[in-house]
Amino acid sequence: MSTPSPGRPEARETKPLPASAHPGEGPPASGVASQGGAGSPEPALWSRNFALFFAARTVAKLGDLMLPVALAAGLVAQGGGAGAVGAAMASFTASFAGLVIFGGVFADRFDTRRLMIGADLVRVVTQSGLALLFATGHAALWAICLLGVVNGVCAAAFQPGVASTVPLIARDVQAANATVRTSESGMAVLGPAAAGVLIGLTSEGGVFAVHAATYLVSALCLLALRLPERPGSREARAAFRADLAEGWREFLARPWMWGVILIWMLFMCAAWGPSVPLAATEIITGHGERAYGLVNSALGVGMVLGGLAALRFRPARPLRAGAIALFGFAPHPVAVGLGLSVPLIVGASVVAGAALAFWGVMWATTVQTQVPGAVLNRIHAYEVAGSLVMLPVGQALAGPAAGLFGPGEVLLAGGATTLLVCALLLAASPIRTLRRREVHAAAQRAQP
């Protein structure tokens, strides 16, 4: 979308466990709880490691959520339409979705944190390059797409490590996911507004320069983490192809996971993918850049609310609850497609943001608590790749589809697709009936 026991083998799951196998409380999945310096238990959430990780993700997300406003505004100002915006976005998502599987294998074979830091540092360079291109007025679409591909490769190396890091730094996995998601959602409020201010004071290039700086801050925070050395990290692992095959077998062994991914492909291609570039061009051309920034901030407000709800609400069947909440995304593309006023689009965006955030926390927590830690990076890579593989298709086809049918009709079809996706998630028994598993992963500090 977005972990127990790395130290010992676990039986593979082939179907959801019965209710009796999901006690409300269970033993720590990674061994005994870690101890602080004086023998006191590690905090369930706000440890030093979690605070650093929280800061890294929050700051980087601020930059990420400034980017769409700057990119869309810059391309529209140069005469580009939905096709240009969609192509620029698709260049990133296509390379990310295509390579994240390999990133998962690398994360399992090598030091996960080093991969994440390296990816951040490369993105400091790429975003600095984009800042220079926009500042000098030489932001050709091919150059933007090329740097987007490089950024997608970096994201593919970075993302698998996020899933396996969370259970190492927080014993309460859902609280950690909800807290990070709520903070990231807060950045969705601040990011578009900050982008609008920076564009007014400088140019689109100023936004990309700040974006580069956020990746540098993220890399420094990750560098300061103290994580335990993963068992077997000094030993030779299986061959690369064998690692991929094992991850695929583990992925297929979980019907609830591949079932969600198959359904999510439809959502990415027909709903979310087209809605991003089409909403950008429709709102900017009809109401101006400030209105587009306001709509993006409204999405962020909704995500904050959804994250807070996920922090408190712990449903017994999390994917069922998430699918019900996801119905709330449909009003967003419908409101833009109908050409409603900005206040109504803003209201629909708040609801949509809350729906996406709640679903995201339910999904991420389910993956991290249902999958053994030894294969989590690879399985996470497969589910991310499957989730996003159709997103660049939807983004790239947004312009041609709008030209053929009209942008409003494509957006309305996205709203209808959302309703269908939610109905399919609820109709699939492995998804609907999967019960919550409480996993209190031990947060351990590596010795300095």
# chains A, B, ... in the order shown; residues from 1 in each chain; ligands from 1
call {"tool": "residues_around", "arguments": {"residues": "Gly328 in chain A", "least_positions_apart": "4", "cutoff": "12 Å", "atoms": "only C-alpha atoms", "output": "PDB file with C-alpha atoms, in the first residue's frame"}}
result
ATOM      1  CA  LEU A 299      -6.728  15.287   1.769  1.00  0.00           C
ATOM      2  CA  GLY A 302      -8.617  13.709   6.291  1.00  0.00           C
ATOM      3  CA  MET A 303      -5.549  11.472   6.531  1.00  0.00           C
ATOM      4  CA  GLY A 306      -8.092   8.576   9.586  1.00  0.00           C
ATOM      5  CA  GLY A 322     -10.573  -1.001   6.220  1.00  0.00           C
ATOM      6  CA  ALA A 323     -12.656  -2.012   3.194  1.00  0.00           C
ATOM      7  CA  ILE A 324     -15.772  -0.467   4.728  1.00  0.00           C
ATOM      8  CA  HIS A 332     -13.301  12.720  -4.189  1.00  0.00           C
ATOM      9  CA  PRO A 333     -13.091  11.874  -7.914  1.00  0.00           C
ATOM     10  CA  VAL A 334     -16.858  12.311  -8.249  1.00  0.00           C
ATOM     11  CA  GLY A 347     -15.120  18.376   1.900  1.00  0.00           C
ATOM     12  CA  ALA A 348     -15.024  15.301  -0.306  1.00  0.00           C
ATOM     13  CA  SER A 349     -11.223  15.306  -0.087  1.00  0.00           C
ATOM     14  CA  VAL A 350     -11.301  15.275   3.711  1.00  0.00           C
ATOM     15  CA  VAL A 351     -13.511  12.177   3.660  1.00  0.00           C
ATOM     16  CA  ALA A 352     -11.320  10.528   1.004  1.00  0.00           C
ATOM     17  CA  GLY A 353      -8.136  11.188   2.962  1.00  0.00           C
ATOM     18  CA  ALA A 354      -9.598   9.671   6.117  1.00  0.00           C
ATOM     19  CA  ALA A 355     -10.677   6.583   4.181  1.00  0.00           C
ATOM     20  CA  LEU A 356      -7.260   6.065   2.587  1.00  0.00           C
ATOM     21  CA  ALA A 357      -5.370   6.550   5.854  1.00  0.00           C
ATOM     22  CA  PHE A 358      -7.530   4.155   7.849  1.00  0.00           C
ATOM     23  CA  TRP A 359      -7.280   1.479   5.170  1.00  0.00           C
ATOM     24  CA  GLY A 415     -15.701   6.888  -8.284  1.00  0.00           C
ATOM     25  CA  ALA A 416     -17.777   3.966  -9.530  1.00  0.00           C
ATOM     26  CA  THR A 418     -13.988   2.598  -5.971  1.00  0.00           C
ATOM     27  CA  LEU A 419     -17.408   1.293  -4.967  1.00  0.00           C
ATOM     28  CA  VAL A 421     -13.370  -2.387  -5.335  1.00  0.00           C
ATOM     29  CA  CYS A 422     -14.806  -2.068  -1.826  1.00  0.00           C
TER      30      CYS A 422
END
call {"tool": "closest_residue", "arguments": {"among": "A:Pro331, A:Gly259, A:Pro430, A:Gly273", "to": "Ile345 in chain A", "atoms": "only C-alpha atoms"}}
result
A:Pro331
call {"tool": "closest_residue", "arguments": {"among": "A:Leu121, A:Ala72, A:Val100, A:Val180", "to": "Leu141 in chain A", "atoms": "only C-alpha atoms"}}
result
A:Ala72
call {"tool": "closest_residue", "arguments": {"among": "A:Ala401, A:Leu71, A:Cys154, A:Leu311", "to": "Gln174 in chain A", "atoms": "only C-alpha atoms"}}
result
A:Leu311
